[in-house]
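Okay, structure first, notes after.
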Amino acid sequence: NIKGLLFDLDGVLVDTAVYHYDTWLRLAKTMGFTFSEKQNEELKGISRMDSLDKILGWGNVSKSDAEKLELATQKNNWYVEMINKMTPAEVLPGALDFLQSAQKQGYKMALGSASKNSSIILKNTNIAHFFDAIVDGNSVSKSKPDPEVFLKGAELLGLKPSECVVFEDAAAGIEAAKRGGMKAIGIGDEYILKQSDKVVSGLDQLAIQDLQEL
Ligand code: B16
Ligand code: MG
């Protein structure tokens, strides 16, 4: 019996992936290389530093830890500039309705994001008030596919993992949910998210009643 909902942020509730891609690409170009949209898929759901390591690998570039910190800070400054301008219109189709119905029906809800910028995004898109707990890149030590982010979310809601369902757009996030003992709904591509209990193209394709059939 599902009582709690654990939402990933980027790619599930808002489309910040485009801003991540834009700014990582800009950073790669300063080092003289680019990477594809397909490669960008691998950056979804993983932490900022893990993303940078992957990108440097693609460009065959090696950097010291101090240089890496500088590069990640540069990317984040560009990224924050973009998310500072976000508005409620950028909440993904169906997400607001879904959050509203879930709240009305008494589900407890937590955020489970890898981002250290979740508070700016939630505030600018005006969805912060839906969440009983926020777990993000500032409160976890191990990033997805480690289940820590979702286990913490369930715990803060006072629920067992088996009473929770995770909504995720990234393969690493679905793996985290399954390793944590939660149900997982994939948002996006069925092939990429094949470990999910159910896959839909967006929250606009899902009804609250569907949750009891998992
Ligand atoms: P930041 P999510 C993740 O958000 C993104 O999918 C991922 O691409 C990004 O590297 C990560 O947040 C860290 O973000 O640089 O803002 O701390 O999908 O877990 O909500
Ligand atoms: Mg995501």
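Residue numbering restarts at 1 in every chain; chains get A, B, ... in the order shown in the structure tokens, and ligands count up from 1 in that same order.
Residues surrounding A:Ala17 within 10 Å are Leu9, Asp10, Gly11, Val14, His20, Tyr21, Asp22, Thr23, Asn40, Glu41, Leu43, Lys44 and Gly45 of chain A [only C-alpha atoms; sequence separation below 3 positions excluded].
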Can I get the residues of chain A within 12 Å of ligand 2, each with the closest pair of atoms and their distance in Å to one decimal, using only C-alpha atoms and all ligand atoms, sorted chain first then ascending number, as JSON lines?
{"residue": "A:Leu6", "atom": "CA", "partner": "ligand 2", "partner_atom_place_in_ligand_line": "1 (Mg)", "distance": 11.9}
{"residue": "A:Phe7", "atom": "CA", "partner": "ligand 2", "partner_atom_place_in_ligand_line": "1 (Mg)", "distance": 8.9}
{"residue": "A:Asp8", "atom": "CA", "partner": "ligand 2", "partner_atom_place_in_ligand_line": "1 (Mg)", "distance": 5.4}
{"residue": "A:Leu9", "atom": "CA", "partner": "ligand 2", "partner_atom_place_in_ligand_line": "1 (Mg)", "distance": 5.6}
{"residue": "A:Asp10", "atom": "CA", "partner": "ligand 2", "partner_atom_place_in_ligand_line": "1 (Mg)", "distance": 4.1}
{"residue": "A:Gly11", "atom": "CA", "partner": "ligand 2", "partner_atom_place_in_ligand_line": "1 (Mg)", "distance": 4.5}
{"residue": "A:Val12", "atom": "CA", "partner": "ligand 2", "partner_atom_place_in_ligand_line": "1 (Mg)", "distance": 6.1}
{"residue": "A:Leu13", "atom": "CA", "partner": "ligand 2", "partner_atom_place_in_ligand_line": "1 (Mg)", "distance": 8.6}
{"residue": "A:Val14", "atom": "CA", "partner": "ligand 2", "partner_atom_place_in_ligand_line": "1 (Mg)", "distance": 8.9}
{"residue": "A:Asp15", "atom": "CA", "partner": "ligand 2", "partner_atom_place_in_ligand_line": "1 (Mg)", "distance": 8.7}
{"residue": "A:Thr16", "atom": "CA", "partner": "ligand 2", "partner_atom_place_in_ligand_line": "1 (Mg)", "distance": 8.7}
{"residue": "A:Ala17", "atom": "CA", "partner": "ligand 2", "partner_atom_place_in_ligand_line": "1 (Mg)", "distance": 7.8}
{"residue": "A:Val18", "atom": "CA", "partner": "ligand 2", "partner_atom_place_in_ligand_line": "1 (Mg)", "distance": 11.5}
{"residue": "A:His20", "atom": "CA", "partner": "ligand 2", "partner_atom_place_in_ligand_line": "1 (Mg)", "distance": 11.1}
{"residue": "A:Glu41", "atom": "CA", "partner": "ligand 2", "partner_atom_place_in_ligand_line": "1 (Mg)", "distance": 10.1}
{"residue": "A:Glu42", "atom": "CA", "partner": "ligand 2", "partner_atom_place_in_ligand_line": "1 (Mg)", "distance": 10.9}
{"residue": "A:Leu43", "atom": "CA", "partner": "ligand 2", "partner_atom_place_in_ligand_line": "1 (Mg)", "distance": 9.4}
{"residue": "A:Lys44", "atom": "CA", "partner": "ligand 2", "partner_atom_place_in_ligand_line": "1 (Mg)", "distance": 5.7}
{"residue": "A:Gly45", "atom": "CA", "partner": "ligand 2", "partner_atom_place_in_ligand_line": "1 (Mg)", "distance": 4.8}
{"residue": "A:Ile46", "atom": "CA", "partner": "ligand 2", "partner_atom_place_in_ligand_line": "1 (Mg)", "distance": 8.5}
{"residue": "A:Ser47", "atom": "CA", "partner": "ligand 2", "partner_atom_place_in_ligand_line": "1 (Mg)", "distance": 10.7}
{"residue": "A:Leu111", "atom": "CA", "partner": "ligand 2", "partner_atom_place_in_ligand_line": "1 (Mg)", "distance": 11.0}
{"residue": "A:Gly112", "atom": "CA", "partner": "ligand 2", "partner_atom_place_in_ligand_line": "1 (Mg)", "distance": 9.2}
{"residue": "A:Ser113", "atom": "CA", "partner": "ligand 2", "partner_atom_place_in_ligand_line": "1 (Mg)", "distance": 7.1}
{"residue": "A:Ala114", "atom": "CA", "partner": "ligand 2", "partner_atom_place_in_ligand_line": "1 (Mg)", "distance": 7.9}
{"residue": "A:Ser115", "atom": "CA", "partner": "ligand 2", "partner_atom_place_in_ligand_line": "1 (Mg)", "distance": 9.1}
{"residue": "A:Ser118", "atom": "CA", "partner": "ligand 2", "partner_atom_place_in_ligand_line": "1 (Mg)", "distance": 11.5}
{"residue": "A:Asp136", "atom": "CA", "partner": "ligand 2", "partner_atom_place_in_ligand_line": "1 (Mg)", "distance": 11.5}
{"residue": "A:Lys144", "atom": "CA", "partner": "ligand 2", "partner_atom_place_in_ligand_line": "1 (Mg)", "distance": 10.1}
{"residue": "A:Pro145", "atom": "CA", "partner": "ligand 2", "partner_atom_place_in_ligand_line": "1 (Mg)", "distance": 11.7}
{"residue": "A:Val166", "atom": "CA", "partner": "ligand 2", "partner_atom_place_in_ligand_line": "1 (Mg)", "distance": 11.2}
{"residue": "A:Phe167", "atom": "CA", "partner": "ligand 2", "partner_atom_place_in_ligand_line": "1 (Mg)", "distance": 8.8}
{"residue": "A:Glu168", "atom": "CA", "partner": "ligand 2", "partner_atom_place_in_ligand_line": "1 (Mg)", "distance": 5.8}
{"residue": "A:Asp169", "atom": "CA", "partner": "ligand 2", "partner_atom_place_in_ligand_line": "1 (Mg)", "distance": 4.9}
{"residue": "A:Ala170", "atom": "CA", "partner": "ligand 2", "partner_atom_place_in_ligand_line": "1 (Mg)", "distance": 5.4}
{"residue": "A:Ala171", "atom": "CA", "partner": "ligand 2", "partner_atom_place_in_ligand_line": "1 (Mg)", "distance": 9.0}
{"residue": "A:Ala172", "atom": "CA", "partner": "ligand 2", "partner_atom_place_in_ligand_line": "1 (Mg)", "distance": 9.0}
{"residue": "A:Gly173", "atom": "CA", "partner": "ligand 2", "partner_atom_place_in_ligand_line": "1 (Mg)", "distance": 7.3}
{"residue": "A:Ile174", "atom": "CA", "partner": "ligand 2", "partner_atom_place_in_ligand_line": "1 (Mg)", "distance": 9.8}
{"residue": "A:Ala176", "atom": "CA", "partner": "ligand 2", "partner_atom_place_in_ligand_line": "1 (Mg)", "distance": 11.9}
{"residue": "A:Gly186", "atom": "CA", "partner": "ligand 2", "partner_atom_place_in_ligand_line": "1 (Mg)", "distance": 10.1}
{"residue": "A:Ile187", "atom": "CA", "partner": "ligand 2", "partner_atom_place_in_ligand_line": "1 (Mg)", "distance": 9.0}
{"residue": "A:Gly188", "atom": "CA", "partner": "ligand 2", "partner_atom_place_in_ligand_line": "1 (Mg)", "distance": 10.3}
{"residue": "A:Leu193", "atom": "CA", "partner": "ligand 2", "partner_atom_place_in_ligand_line": "1 (Mg)", "distance": 11.8}
Selection from above, C-alpha atoms, as a PDB file, in the first residue's frame, can you write it?
ATOM      1  CA  LEU A   6       9.463  10.565  -3.677  1.00  0.00           C
ATOM      2  CA  PHE A   7      10.083  12.908  -6.590  1.00  0.00           C
ATOM      3  CA  ASP A   8      13.245  13.523  -8.504  1.00  0.00           C
ATOM      4  CA  LEU A   9      13.408  17.149  -9.635  1.00  0.00           C
ATOM      5  CA  ASP A  10      15.279  17.606 -12.902  1.00  0.00           C
ATOM      6  CA  GLY A  11      13.445  15.770 -15.691  1.00  0.00           C
ATOM      7  CA  VAL A  12      10.405  14.856 -13.586  1.00  0.00           C
ATOM      8  CA  LEU A  13       8.971  18.112 -12.243  1.00  0.00           C
ATOM      9  CA  VAL A  14      10.991  20.636 -14.260  1.00  0.00           C
ATOM     10  CA  ASP A  15      13.200  20.518 -17.333  1.00  0.00           C
ATOM     11  CA  THR A  16      16.465  21.844 -15.980  1.00  0.00           C
ATOM     12  CA  ALA A  17      18.335  19.188 -17.999  1.00  0.00           C
ATOM     13  CA  VAL A  18      18.428  21.643 -20.912  1.00  0.00           C
ATOM     14  CA  HIS A  20      22.653  21.590 -17.434  1.00  0.00           C
ATOM     15  CA  GLU A  41      21.888  11.286 -21.040  1.00  0.00           C
ATOM     16  CA  GLU A  42      24.604   9.781 -18.806  1.00  0.00           C
ATOM     17  CA  LEU A  43      24.865  13.015 -16.818  1.00  0.00           C
ATOM     18  CA  LYS A  44      21.243  12.914 -15.715  1.00  0.00           C
ATOM     19  CA  GLY A  45      20.790  12.230 -12.031  1.00  0.00           C
ATOM     20  CA  ILE A  46      24.501  12.118 -11.182  1.00  0.00           C
ATOM     21  CA  SER A  47      26.291  14.736  -9.092  1.00  0.00           C
ATOM     22  CA  LEU A 111      11.959  15.604  -2.968  1.00  0.00           C
ATOM     23  CA  GLY A 112      14.868  13.295  -3.803  1.00  0.00           C
ATOM     24  CA  SER A 113      17.235  15.224  -6.035  1.00  0.00           C
ATOM     25  CA  ALA A 114      20.982  15.144  -6.643  1.00  0.00           C
ATOM     26  CA  SER A 115      21.035  18.908  -7.143  1.00  0.00           C
ATOM     27  CA  SER A 118      16.995  22.522  -5.617  1.00  0.00           C
ATOM     28  CA  ASP A 136      18.952  17.007  -2.201  1.00  0.00           C
ATOM     29  CA  LYS A 144      22.464   7.935  -7.238  1.00  0.00           C
ATOM     30  CA  PRO A 145      22.539   4.995  -8.043  1.00  0.00           C
ATOM     31  CA  VAL A 166       9.926   7.006  -6.658  1.00  0.00           C
ATOM     32  CA  PHE A 167       9.424   9.123  -9.793  1.00  0.00           C
ATOM     33  CA  GLU A 168      12.619   9.314 -11.850  1.00  0.00           C
ATOM     34  CA  ASP A 169      13.793  10.203 -15.343  1.00  0.00           C
ATOM     35  CA  ALA A 170      17.345   8.854 -15.006  1.00  0.00           C
ATOM     36  CA  ALA A 171      18.546   5.257 -15.145  1.00  0.00           C
ATOM     37  CA  ALA A 172      20.775   5.939 -12.099  1.00  0.00           C
ATOM     38  CA  GLY A 173      17.706   7.118 -10.154  1.00  0.00           C
ATOM     39  CA  ILE A 174      15.601   4.076 -11.027  1.00  0.00           C
ATOM     40  CA  ALA A 176      18.675   3.808  -6.638  1.00  0.00           C
ATOM     41  CA  GLY A 186      10.147   5.923 -14.929  1.00  0.00           C
ATOM     42  CA  ILE A 187       9.413   9.221 -16.615  1.00  0.00           C
ATOM     43  CA  GLY A 188      10.698   9.150 -20.177  1.00  0.00           C
ATOM     44  CA  LEU A 193      14.326   3.109 -17.838  1.00  0.00           C
TER      45      LEU A 193
END
(Q) Show me, as a ChimeraX atom specification, the residues that have an atom within 10 Å of A:Gln212 when counting only C-alpha atoms, minus same-chain residues fewer than 2 positions from it. (A) /A:1-3,208-210,214
Could the residues in this selection be saved with C-alpha atoms as an mmCIF file, in the first residue's frame?
data_model
loop_
_atom_site.group_PDB
_atom_site.id
_atom_site.type_symbol
_atom_site.label_atom_id
_atom_site.label_comp_id
_atom_site.auth_asym_id
_atom_site.auth_seq_id
_atom_site.Cartn_x
_atom_site.Cartn_y
_atom_site.Cartn_z
ATOM 1 C CA ASN A 1 0.000 0.000 0.000
ATOM 2 C CA ILE A 2 1.633 3.211 -1.236
ATOM 3 C CA LYS A 3 1.618 6.143 1.219
ATOM 4 C CA ILE A 208 -3.076 8.892 -8.878
ATOM 5 C CA GLN A 209 -5.180 5.689 -9.010
ATOM 6 C CA ASP A 210 -2.415 4.037 -11.067
ATOM 7 C CA LEU A 214 1.989 -1.115 -8.868
#
Q) Near stretch 202-207 of chain A, within 6 Å and counting only C-alpha atoms, which residues show up once chain neighbours fewer than 5 positions away are dropped, as a PyMOL selection string? A) chain A and resi 93-95+187
Would you output that residue set with C-alpha atoms, as a tab-separated table (two decimals), in the first residue's frame?
chain	number	residue	atom	x	y	z
A	93	PRO	CA	3.14	19.14	-18.23
A	94	GLY	CA	0.91	17.36	-15.73
A	95	ALA	CA	3.26	17.81	-12.78
A	187	ILE	CA	9.41	9.22	-16.61
Q: Run DSSP on the backbone of this structure and report the residues of chain A it assigns to strand (DSSP E or B), as JSON, numbers by chain.
A: {"A": [4, 5, 6, 7, 10, 14, 91, 108, 109, 110, 111, 112, 133, 134, 135, 164, 165, 166, 167, 168, 183, 184, 185, 186, 187, 198, 199, 200]}
Could the residues in this selection be written to a file with N, CA and C atoms, as a JSON list (two decimals), in the first residue's frame?
[["chain", "number", "residue", "atom", "x", "y", "z"],
["A", 4, "GLY", "N", 3.64, 7.15, 0.36],
["A", 4, "GLY", "CA", 4.57, 8.27, 0.17],
["A", 4, "GLY", "C", 5.09, 8.33, -1.26],
["A", 5, "LEU", "N", 5.29, 9.54, -1.72],
["A", 5, "LEU", "CA", 5.80, 9.75, -3.08],
["A", 5, "LEU", "C", 7.13, 10.50, -3.00],
["A", 6, "LEU", "N", 8.13, 9.96, -3.68],
["A", 6, "LEU", "CA", 9.46, 10.57, -3.68],
["A", 6, "LEU", "C", 9.78, 11.04, -5.10],
["A", 7, "PHE", "N", 9.91, 12.34, -5.25],
["A", 7, "PHE", "CA", 10.08, 12.91, -6.59],
["A", 7, "PHE", "C", 11.51, 13.35, -6.85],
["A", 10, "ASP", "N", 14.91, 17.36, -11.51],
["A", 10, "ASP", "CA", 15.28, 17.61, -12.90],
["A", 10, "ASP", "C", 14.79, 16.47, -13.80],
["A", 14, "VAL", "N", 10.56, 19.51, -13.43],
["A", 14, "VAL", "CA", 10.99, 20.64, -14.26],
["A", 14, "VAL", "C", 12.05, 20.17, -15.26],
["A", 91, "VAL", "N", 7.23, 24.37, -15.02],
["A", 91, "VAL", "CA", 6.88, 23.08, -14.41],
["A", 91, "VAL", "C", 6.40, 22.19, -15.55],
["A", 108, "LYS", "N", 2.01, 11.57, 1.45],
["A", 108, "LYS", "CA", 3.14, 12.38, 1.91],
["A", 108, "LYS", "C", 4.14, 12.47, 0.77],
["A", 109, "MET", "N", 4.78, 13.63, 0.66],
["A", 109, "MET", "CA", 5.68, 13.81, -0.48],
["A", 109, "MET", "C", 7.04, 14.36, -0.08],
["A", 110, "ALA", "N", 8.07, 13.81, -0.71],
["A", 110, "ALA", "CA", 9.43, 14.31, -0.48],
["A", 110, "ALA", "C", 10.14, 14.51, -1.81],
["A", 111, "LEU", "N", 11.11, 15.42, -1.80],
["A", 111, "LEU", "CA", 11.96, 15.60, -2.97],
["A", 111, "LEU", "C", 13.20, 14.72, -2.79],
["A", 112, "GLY", "N", 13.65, 14.10, -3.85],
["A", 112, "GLY", "CA", 14.87, 13.30, -3.80],
["A", 112, "GLY", "C", 15.73, 13.63, -5.00],
["A", 133, "ALA", "N", 9.24, 16.94, 3.00],
["A", 133, "ALA", "CA", 10.68, 16.81, 3.26],
["A", 133, "ALA", "C", 11.44, 17.06, 1.96],
["A", 134, "ILE", "N", 12.63, 17.65, 2.12],
["A", 134, "ILE", "CA", 13.49, 17.91, 0.96],
["A", 134, "ILE", "C", 14.81, 17.19, 1.19],
["A", 135, "VAL", "N", 15.15, 16.28, 0.29],
["A", 135, "VAL", "CA", 16.47, 15.67, 0.34],
["A", 135, "VAL", "C", 17.13, 15.99, -1.00],
["A", 164, "CYS", "N", 6.70, 3.44, -0.39],
["A", 164, "CYS", "CA", 6.98, 4.64, -1.21],
["A", 164, "CYS", "C", 7.18, 4.29, -2.67],
["A", 165, "VAL", "N", 6.83, 5.24, -3.52],
["A", 165, "VAL", "CA", 7.13, 5.11, -4.93],
["A", 165, "VAL", "C", 7.97, 6.31, -5.37],
["A", 166, "VAL", "N", 8.99, 6.00, -6.16],
["A", 166, "VAL", "CA", 9.93, 7.01, -6.66],
["A", 166, "VAL", "C", 9.58, 7.36, -8.10],
["A", 167, "PHE", "N", 9.62, 8.64, -8.42],
["A", 167, "PHE", "CA", 9.42, 9.12, -9.79],
["A", 167, "PHE", "C", 10.76, 9.63, -10.30],
["A", 168, "GLU", "N", 11.26, 9.05, -11.37],
["A", 168, "GLU", "CA", 12.62, 9.31, -11.85],
["A", 168, "GLU", "C", 12.73, 9.32, -13.37],
["A", 183, "LYS", "N", 9.09, 1.16, -4.99],
["A", 183, "LYS", "CA", 8.56, 1.03, -6.34],
["A", 183, "LYS", "C", 9.14, 2.19, -7.15],
["A", 184, "ALA", "N", 9.23, 2.01, -8.46],
["A", 184, "ALA", "CA", 9.80, 3.08, -9.28],
["A", 184, "ALA", "C", 8.99, 3.30, -10.54],
["A", 185, "ILE", "N", 8.63, 4.56, -10.76],
["A", 185, "ILE", "CA", 7.97, 4.92, -12.01],
["A", 185, "ILE", "C", 8.96, 5.73, -12.84],
["A", 186, "GLY", "N", 9.23, 5.24, -14.03],
["A", 186, "GLY", "CA", 10.15, 5.92, -14.93],
["A", 186, "GLY", "C", 9.40, 6.97, -15.73],
["A", 187, "ILE", "N", 10.00, 8.14, -15.83],
["A", 187, "ILE", "CA", 9.41, 9.22, -16.61],
["A", 187, "ILE", "C", 10.31, 9.42, -17.82],
["A", 198, "LYS", "N", 6.92, 0.75, -13.90],
["A", 198, "LYS", "CA", 6.03, 1.29, -14.93],
["A", 198, "LYS", "C", 6.75, 2.48, -15.55],
["A", 199, "VAL", "N", 6.56, 2.70, -16.85],
["A", 199, "VAL", "CA", 7.17, 3.86, -17.50],
["A", 199, "VAL", "C", 6.08, 4.67, -18.19],
["A", 200, "VAL", "N", 6.11, 5.97, -18.00],
["A", 200, "VAL", "CA", 5.20, 6.88, -18.73],
["A", 200, "VAL", "C", 6.05, 8.00, -19.33]]
**Q.** All alpha helix (DSSP H) residues (DSSP, backbone) inside chain A, as a ChimeraX atom specification
**A.** /A:17-30,37-41,48-58,65-83,95-104,118-124,148-157,171-180
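For the residues A:Lys123, A:Lys85, A:Lys142, A:Lys75, ranking by smallest atom-to-atom distance to A:Lys29 using only C-alpha atoms places A:Lys75 first.
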**Q.** Distance query A:Thr34 at most 8 Å, only C-alpha atoms, self and fewer than 6 positions along chain excluded, as a PyMOL selection string
**A.** chain A and resi 25+28+59
Would you mind exporting the chosen residues as a PDB file, in the first residue's frame, restricted to C-alpha atoms?
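Once everything was written out, this is again-v1.pdb:
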ATOM      1  CA  LEU A  25      28.641  22.139 -23.292  1.00  0.00           C
ATOM      2  CA  ALA A  28      33.571  21.753 -22.707  1.00  0.00           C
ATOM      3  CA  GLY A  59      37.453  15.156 -23.955  1.00  0.00           C
TER       4      GLY A  59
END
Residues at most 12 Å from stretch 60-65 of chain A, counting only C-alpha atoms, excluding those fewer than 5 positions away in the same chain, as a CSV table (one decimal) with N, CA and C atoms, in the first residue's frame?
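Output below, filename result_7.csv:
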chain,number,residue,atom,x,y,z
A,28,ALA,N,32.8,22.6,-21.9
A,28,ALA,CA,33.6,21.8,-22.7
A,28,ALA,C,34.2,22.5,-23.9
A,30,THR,N,35.1,25.6,-23.9
A,30,THR,CA,36.3,26.4,-23.4
A,30,THR,C,37.5,25.6,-23.4
A,31,MET,N,37.3,24.2,-23.4
A,31,MET,CA,38.5,23.3,-23.3
A,31,MET,C,38.7,22.7,-24.7
A,32,GLY,N,38.0,23.1,-25.7
A,32,GLY,CA,38.2,22.7,-27.1
A,32,GLY,C,37.5,21.5,-27.6
A,33,PHE,N,36.5,21.0,-26.9
A,33,PHE,CA,35.7,19.8,-27.4
A,33,PHE,C,34.2,20.0,-27.1
A,34,THR,N,33.5,19.1,-27.7
A,34,THR,CA,32.0,19.0,-27.4
A,34,THR,C,31.6,17.6,-27.1
A,35,PHE,N,30.3,17.4,-26.7
A,35,PHE,CA,29.8,16.0,-26.6
A,35,PHE,C,28.4,16.0,-27.0
A,49,MET,N,30.2,16.9,-9.6
A,49,MET,CA,31.6,16.5,-9.7
A,49,MET,C,31.7,15.2,-10.6
A,52,LEU,N,31.4,16.2,-14.2
A,52,LEU,CA,32.6,16.9,-14.7
A,52,LEU,C,33.6,15.8,-15.0
A,53,ASP,N,33.8,14.8,-14.1
A,53,ASP,CA,34.7,13.7,-14.4
A,53,ASP,C,34.4,13.0,-15.7
A,54,LYS,N,33.1,12.7,-15.9
A,54,LYS,CA,32.7,12.0,-17.2
A,54,LYS,C,33.1,12.9,-18.4
A,55,ILE,N,32.7,14.2,-18.3
A,55,ILE,CA,33.0,15.1,-19.4
A,55,ILE,C,34.5,15.2,-19.7
A,70,GLU,N,37.4,24.7,-9.9
A,70,GLU,CA,37.2,25.9,-10.6
A,70,GLU,C,36.3,25.8,-11.8
A,71,LEU,N,36.5,24.7,-12.5
A,71,LEU,CA,35.6,24.4,-13.7
A,71,LEU,C,34.2,24.1,-13.2
A,72,ALA,N,34.0,23.4,-12.2
A,72,ALA,CA,32.6,23.1,-11.7
A,72,ALA,C,32.0,24.4,-11.2
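Distances from A:Gln39, A:Ser201, A:Leu27, A:Val80 to A:Ile120 were compared using only C-alpha atoms, and the smallest one belongs to A:Val80.
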Q | For atom 16 (O, counted along the ligand's line) of ligand 1 and atom CA of A:Leu96, the interatomic separation in Å (one decimal) | A | 21.4 Å
Q) Out of A:Asn117, A:Gln100, A:Gln105, A:Ser196, which residue has the shortest atom-to-atom distance to ligand 1 when counting only C-alpha atoms and all ligand atoms? A) A:Asn117
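We find atom CA of A:Ala154 and atom CA of A:Tyr19 to be spaced 28.8 Å apart.
Using only C-alpha atoms and all ligand atoms, the smallest distance between any of A:Ser143, A:Ser36, A:Asn84, A:Ser101 and ligand 1 comes from A:Ser143.
Between atom 16 (O, counted along the ligand's line) of ligand 1 and atom CA of A:Lys116 the interatomic distance comes to 4.7 Å.
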